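Asks: Contents of model_4.pdb (PDB, C-alpha atoms) are below:
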ATOM      1  CA  MET A   1    -127.647 -25.981 -24.482
ATOM      2  CA  LYS A   2    -125.310 -23.060 -23.942
ATOM      3  CA  LYS A   3    -125.320 -20.487 -26.722
ATOM      4  CA  TRP A   4    -122.189 -20.466 -28.863
ATOM      5  CA  ALA A   5    -122.505 -16.797 -29.819
ATOM      6  CA  ASP A   6    -124.991 -14.050 -30.622
ATOM      7  CA  TYR A   7    -124.624 -14.740 -34.346
ATOM      8  CA  LEU A   8    -123.188 -17.546 -36.425
ATOM      9  CA  ILE A   9    -121.779 -17.356 -39.954
ATOM     10  CA  SER A  10    -122.116 -20.500 -42.089
ATOM     11  CA  GLU A  11    -121.281 -19.225 -45.596
ATOM     12  CA  VAL A  12    -119.259 -16.322 -46.964
ATOM     13  CA  GLY A  13    -118.556 -14.737 -50.334
ATOM     14  CA  TYR A  14    -115.629 -12.426 -51.028
ATOM     15  CA  THR A  15    -114.969  -9.547 -53.412
ATOM     16  CA  SER A  16    -111.960  -9.552 -55.734
ATOM     17  CA  ASP A  17    -110.117  -7.602 -52.959
ATOM     18  CA  HIS A  18    -110.867 -10.500 -50.574
ATOM     19  CA  LEU A  19    -113.313  -8.535 -48.457
ATOM     20  CA  VAL A  20    -116.556 -10.154 -47.333
ATOM     21  CA  SER A  21    -119.269  -9.270 -49.855
ATOM     22  CA  ILE A  22    -122.040 -11.388 -48.342
ATOM     23  CA  ALA A  23    -122.322 -13.750 -45.412
ATOM     24  CA  ILE A  24    -125.095 -16.051 -44.268
ATOM     25  CA  ARG A  25    -125.901 -15.206 -40.647
ATOM     26  CA  HIS A  26    -127.812 -17.383 -38.204
ATOM     27  CA  LYS A  27    -128.975 -16.577 -34.707
ATOM     28  CA  ASP A  28    -128.178 -18.867 -31.778
ATOM     29  CA  THR A  29    -131.457 -19.125 -29.848
ATOM     30  CA  ASP A  30    -132.806 -21.302 -27.028
ATOM     31  CA  GLN A  31    -134.748 -23.224 -29.680
ATOM     32  CA  GLY A  32    -131.626 -23.818 -31.773
ATOM     33  CA  ILE A  33    -129.905 -22.256 -34.730
ATOM     34  CA  THR A  34    -132.177 -20.224 -37.004
ATOM     35  CA  LYS A  35    -132.288 -20.317 -40.781
ATOM     36  CA  GLY A  36    -129.559 -18.124 -42.243
ATOM     37  CA  LYS A  37    -130.108 -14.747 -43.845
ATOM     38  CA  PRO A  38    -127.681 -12.812 -46.068
ATOM     39  CA  ILE A  39    -125.944  -9.777 -44.562
ATOM     40  CA  ASP A  40    -123.080  -7.497 -45.565
ATOM     41  CA  ARG A  41    -119.679  -7.113 -43.924
ATOM     42  CA  LEU A  42    -120.386  -3.686 -42.425
ATOM     43  CA  THR A  43    -123.254  -5.159 -40.416
ATOM     44  CA  ILE A  44    -120.918  -7.795 -38.990
ATOM     45  CA  VAL A  45    -118.223  -5.199 -38.238
ATOM     46  CA  SER A  46    -120.732  -2.873 -36.570
ATOM     47  CA  ASP A  47    -122.219  -5.701 -34.476
ATOM     48  CA  ILE A  48    -118.793  -6.853 -33.265
ATOM     49  CA  GLN A  49    -117.734  -3.293 -32.481
ATOM     50  CA  ASN A  50    -120.947  -2.951 -30.456
ATOM     51  CA  GLY A  51    -120.131  -6.010 -28.347
ATOM     52  CA  LEU A  52    -121.946  -8.810 -30.164
ATOM     53  CA  PHE A  53    -120.175 -12.143 -30.468
ATOM     54  CA  TYR A  54    -119.797 -13.932 -33.848
ATOM     55  CA  ILE A  55    -118.394 -17.345 -34.696
ATOM     56  CA  THR A  56    -118.187 -19.476 -37.815
ATOM     57  CA  ILE A  57    -120.167 -22.722 -38.011
ATOM     58  CA  TYR A  58    -120.016 -25.731 -40.302
ATOM     59  CA  ASN A  59    -122.904 -27.930 -41.405
ATOM     60  CA  GLN A  60    -122.208 -31.625 -40.861
ATOM     61  CA  LYS A  61    -124.935 -34.183 -41.623
ATOM     62  CA  ASN A  62    -127.932 -32.272 -40.249
ATOM     63  CA  SER A  63    -126.010 -30.813 -37.314
ATOM     64  CA  TRP A  64    -123.795 -27.822 -36.776
ATOM     65  CA  LYS A  65    -120.142 -27.830 -35.758
ATOM     66  CA  LYS A  66    -118.725 -24.838 -33.909
ATOM     67  CA  GLY A  67    -115.994 -22.976 -35.770
ATOM     68  CA  HIS A  68    -113.876 -19.975 -34.808
ATOM     69  CA  ARG A  69    -114.535 -16.603 -33.231
ATOM     70  CA  ILE A  70    -114.711 -13.736 -35.741
ATOM     71  CA  GLN A  71    -112.826 -10.606 -34.749
ATOM     72  CA  ALA A  72    -112.933  -7.113 -36.199
ATOM     73  CA  PHE A  73    -109.993  -4.727 -36.334
ATOM     74  CA  SER A  74    -109.077  -1.660 -38.361
ATOM     75  CA  ILE A  75    -106.063  -0.619 -40.349
ATOM     76  CA  GLY A  76    -106.362   3.113 -40.820
ATOM     77  CA  SER A  77    -110.103   3.667 -41.019
ATOM     78  CA  ILE A  78    -110.865   0.425 -42.863
ATOM     79  CA  PRO A  79    -112.304  -2.452 -40.806
ATOM     80  CA  TYR A  80    -111.388  -6.098 -41.441
ATOM     81  CA  LEU A  81    -112.861  -9.405 -40.274
ATOM     82  CA  ARG A  82    -110.696 -12.416 -39.430
ATOM     83  CA  ILE A  83    -110.670 -15.634 -37.430
ATOM     84  CA  ASP A  84    -106.887 -15.582 -36.962
ATOM     85  CA  GLN A  85    -104.584 -13.032 -35.377
ATOM     86  CA  ASN A  86    -103.051 -11.777 -38.643
ATOM     87  CA  LYS A  87    -103.367  -8.014 -39.052
ATOM     88  CA  VAL A  88    -103.498  -7.803 -42.834
ATOM     89  CA  GLN A  89    -105.764  -5.874 -45.184
ATOM     90  CA  LEU A  90    -107.905  -8.892 -46.066
ATOM     91  CA  ASP A  91    -110.962 -10.521 -44.538
ATOM     92  CA  PHE A  92    -110.617 -14.211 -43.664
ATOM     93  CA  LEU A  93    -113.377 -16.338 -42.147
ATOM     94  CA  GLY A  94    -111.755 -19.702 -42.762
ATOM     95  CA  ASP A  95    -112.866 -22.320 -45.232
ATOM     96  CA  LEU A  96    -116.583 -21.590 -45.158
ATOM     97  CA  PRO A  97    -118.493 -22.431 -48.342
ATOM     98  CA  GLU A  98    -119.697 -19.662 -50.627
ATOM     99  CA  PRO A  99    -123.412 -18.778 -50.477
ATOM    100  CA  VAL A 100    -124.225 -20.108 -53.952
ATOM    101  CA  GLU A 101    -127.951 -20.355 -53.263
ATOM    102  CA  SER A 102    -128.093 -16.747 -52.067
ATOM    103  CA  GLU A 103    -126.192 -15.553 -55.140
ATOM    104  CA  GLU A 104    -128.620 -17.423 -57.409
ATOM    105  CA  LYS A 105    -131.560 -15.931 -55.531
ATOM    106  CA  ALA A 106    -130.091 -12.439 -55.771
ATOM    107  CA  THR A 107    -129.462 -12.940 -59.472
ATOM    108  CA  HIS A 108    -133.028 -14.213 -59.967
ATOM    109  CA  GLU A 109    -134.406 -11.238 -58.014
ATOM    110  CA  GLN A 110    -132.230  -8.882 -60.054
ATOM    111  CA  ILE A 111    -133.539 -10.414 -63.298
ATOM    112  CA  LEU A 112    -137.140 -10.007 -62.113
ATOM    113  CA  ARG A 113    -136.460  -6.371 -61.171
ATOM    114  CA  LEU A 114    -134.821  -5.754 -64.543
ATOM    115  CA  GLU A 115    -137.857  -7.218 -66.311
ATOM    116  CA  GLN A 116    -140.132  -4.947 -64.251
ATOM    117  CA  LEU A 117    -138.038  -1.904 -65.144
ATOM    118  CA  GLU A 118    -138.035  -2.832 -68.843
ATOM    119  CA  LYS A 119    -141.828  -3.178 -68.729
ATOM    120  CA  GLN A 120    -142.137   0.243 -67.065
ATOM    121  CA  ILE A 121    -139.867   1.781 -69.721
ATOM    122  CA  GLN A 122    -141.953   0.210 -72.479
ATOM    123  CA  GLU A 123    -145.158   1.532 -70.897
ATOM    124  CA  LEU A 124    -143.646   5.006 -70.600
ATOM    125  CA  GLU A 125    -142.545   4.889 -74.239
ATOM    126  CA  GLU A 126    -146.078   3.862 -75.239
ATOM    127  CA  VAL A 127    -147.526   6.743 -73.208
ATOM    128  CA  ASN A 128    -145.000   9.117 -74.796
ATOM    129  CA  THR A 129    -145.894   7.832 -78.285
ATOM    130  CA  LYS A 130    -149.612   8.234 -77.549
ATOM    131  CA  HIS A 131    -148.953  11.748 -76.271
ATOM    132  CA  LYS A 132    -147.070  12.621 -79.479
ATOM    133  CA  ILE A 133    -149.900  11.211 -81.603
ATOM    134  CA  ILE A 134    -152.451  13.244 -79.628
ATOM    135  CA  GLN A 135    -150.349  16.407 -80.047
ATOM    136  CA  THR A 136    -150.096  15.777 -83.814
ATOM    137  CA  LEU A 137    -153.862  15.205 -84.041
ATOM    138  CA  HIS A 138    -154.490  18.442 -82.120
ATOM    139  CA  GLN A 139    -152.216  20.319 -84.529
ATOM    140  CA  GLN A 140    -153.991  18.781 -87.524
ATOM    141  CA  ASN A 141    -157.384  19.622 -86.034
ATOM    142  CA  LYS A 142    -156.227  23.202 -85.542
ATOM    143  CA  LYS A 143    -155.139  23.382 -89.195
ATOM    144  CA  LEU A 144    -158.477  21.925 -90.294
ATOM    145  CA  ASP A 145    -160.298  24.454 -88.116
ATOM    146  CA  ASP A 146    -158.234  27.241 -89.726
ATOM    147  CA  ILE A 147    -159.093  25.959 -93.212
ATOM    148  CA  GLU A 148    -162.793  25.693 -92.329
ATOM    149  CA  ARG A 149    -162.730  29.204 -90.909
ATOM    150  CA  LYS A 150    -161.084  30.539 -94.070
ATOM    151  CA  LEU A 151    -163.636  28.705 -96.229
ATOM    152  CA  HIS A 152    -166.428  30.060 -94.126
ATOM    153  CA  ASP A 153    -164.963  33.579 -94.424
ATOM    154  CA  LEU A 154    -164.778  33.134 -98.192
ATOM    155  CA  GLU A 155    -168.366  31.985 -98.399
ATOM    156  CA  THR A 156    -169.578  34.914 -96.370
ATOM    157  CA  THR A 157    -167.811  37.377 -98.624
ATOM    158  CA  ASN A 158    -169.189  35.625-101.720
ATOM    159  CA  ILE A 159    -165.774  34.962-103.148
ATOM    160  CA  GLN A 160    -165.385  31.755-105.043
ATOM    161  CA  PRO A 161    -162.608  29.512-103.670
ATOM    162  CA  ASN A 162    -161.377  28.841-107.264
ATOM    163  CA  SER A 163    -160.584  32.488-107.746
ATOM    164  CA  LEU A 164    -158.178  32.659-104.799
ATOM    165  CA  ASP A 165    -154.472  32.537-105.418
ATOM    166  CA  PRO A 166    -152.758  29.665-103.675
TER     167      PRO A 166
END
Please rewrite the model in this file as structure tokens.
Replies:
Amino acid sequence: MKKWADYLISEVGYTSDHLVSIAIRHKDTDQGITKGKPIDRLTIVSDIQNGLFYITIYNQKNSWKKGHRIQAFSIGSIPYLRIDQNKVQLDFLGDLPEPVESEEKATHEQILRLEQLEKQIQELEEVNTKHKIIQTLHQQNKKLDDIERKLHDLETTNIQPNSLDP
């Protein structure tokens, strides 16, 4: 089977400014279309500017349907991605579905990372608390050593501790 393109986009999510935030990219190989992986818009723009060919694809009952060629162009220094010829400051890859599964995975991974960071913070706080306790104990030991030294000095001079002024 003849390759459709170097890369295929099956799902896309947009920012509030209607720029691609994430896209699911597949590779068109001799063995078929690979499982999709999330990529960002700058990767797509860079690939197209470097001569790679992208198209959209649609999943239809366990097979893929070829979509449209994705083109990159710039207005000023800002690149845009579109499947039509409109030169507007918006990305448009057609009616591809949003990558809901990828967003859920990212959110799950973000939650796990947040939990790890919270655990690290808690451990650091515990270490800090232990350090403060150790410092306090060292200070108290120093005071006790000073008191013992003074008592020892008093005993060696045969002065009764009761006779000392506070």
Asks: Tell me which residues the PyMOL selection byres ((chain A and resi 23) around 12) grabs here, as an NGL selection string.
Replies: :A and (7-15 or 19-22 or 24-26 or 36-45 or 54-57 or 81 or 91-93 or 96-103)
Asks: Figure out the distance between atom CA of Glu123 of chain A and atom CA of Gln135 of chain A, please, to one decimal in Å.
Replies: 18.2 Å
Asks: Within 12 Å of Ile75 of chain A, counting all atoms listed in the file, which residues qualify if same-chain residues fewer than 3 places away don't, as a PDB file with C-alpha atoms, in the coordinates of the input?
Replies:
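Saved result, part24.pdb, follows:
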ATOM      1  CA  ALA A  72    -112.933  -7.113 -36.199  1.00  0.00           C
ATOM      2  CA  ILE A  78    -110.865   0.425 -42.863  1.00  0.00           C
ATOM      3  CA  PRO A  79    -112.304  -2.452 -40.806  1.00  0.00           C
ATOM      4  CA  TYR A  80    -111.388  -6.098 -41.441  1.00  0.00           C
ATOM      5  CA  LEU A  81    -112.861  -9.405 -40.274  1.00  0.00           C
ATOM      6  CA  ASN A  86    -103.051 -11.777 -38.643  1.00  0.00           C
ATOM      7  CA  LYS A  87    -103.367  -8.014 -39.052  1.00  0.00           C
ATOM      8  CA  VAL A  88    -103.498  -7.803 -42.834  1.00  0.00           C
ATOM      9  CA  GLN A  89    -105.764  -5.874 -45.184  1.00  0.00           C
ATOM     10  CA  LEU A  90    -107.905  -8.892 -46.066  1.00  0.00           C
ATOM     11  CA  ASP A  91    -110.962 -10.521 -44.538  1.00  0.00           C
TER      12      ASP A  91
END
Asks: Could you tell me how far atom CA of Asp84 of chain A lies from atom CA of Gly67 of chain A, in Å and to one decimal?
Replies: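 So the two atoms, atom CA of Asp84 of chain A and atom CA of Gly67 of chain A, lie 11.8 Å apart.
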Asks: Please, what is the axis-aligned box for every listed atom of segment 22-27 of chain A with 5 Å on each side, as centre and edge lengths in Å to one decimal, as JSON?
Replies:
{"center_x": -125.5, "center_y": -14.4, "center_z": -41.5, "size_x": 16.9, "size_y": 16.0, "size_z": 23.6}
Asks: How far is it from atom CA of Lys2 of chain A to atom CA of Trp64 of chain A, in Å with one decimal?
Replies: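 Pair atom CA of Lys2 of chain A / atom CA of Trp64 of chain A returns 13.8 Å.
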Asks: Between A:Arg113, A:His68, A:Lys61, A:Ile147, which is the closest to Asp95 of chain A once you count all atoms listed in the file?
Replies: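 The shortest atom-to-atom distance to Asp95 of chain A comes from A:His68.
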Asks: Of the residues A:His131, A:Arg149, A:Ala5, A:Leu144, which is the one nearest to Arg69 of chain A, using all atoms listed in the file?
Replies: A:Ala5
Asks: Determine the nearest neighbour of Thr29 of chain A from the options A:Lys119, A:Lys143, A:Lys3, A:Lys65, counting only C-alpha atoms.
Replies: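 Comparing A:Lys119, A:Lys143, A:Lys3, A:Lys65 against Thr29 of chain A, the winner is A:Lys3.
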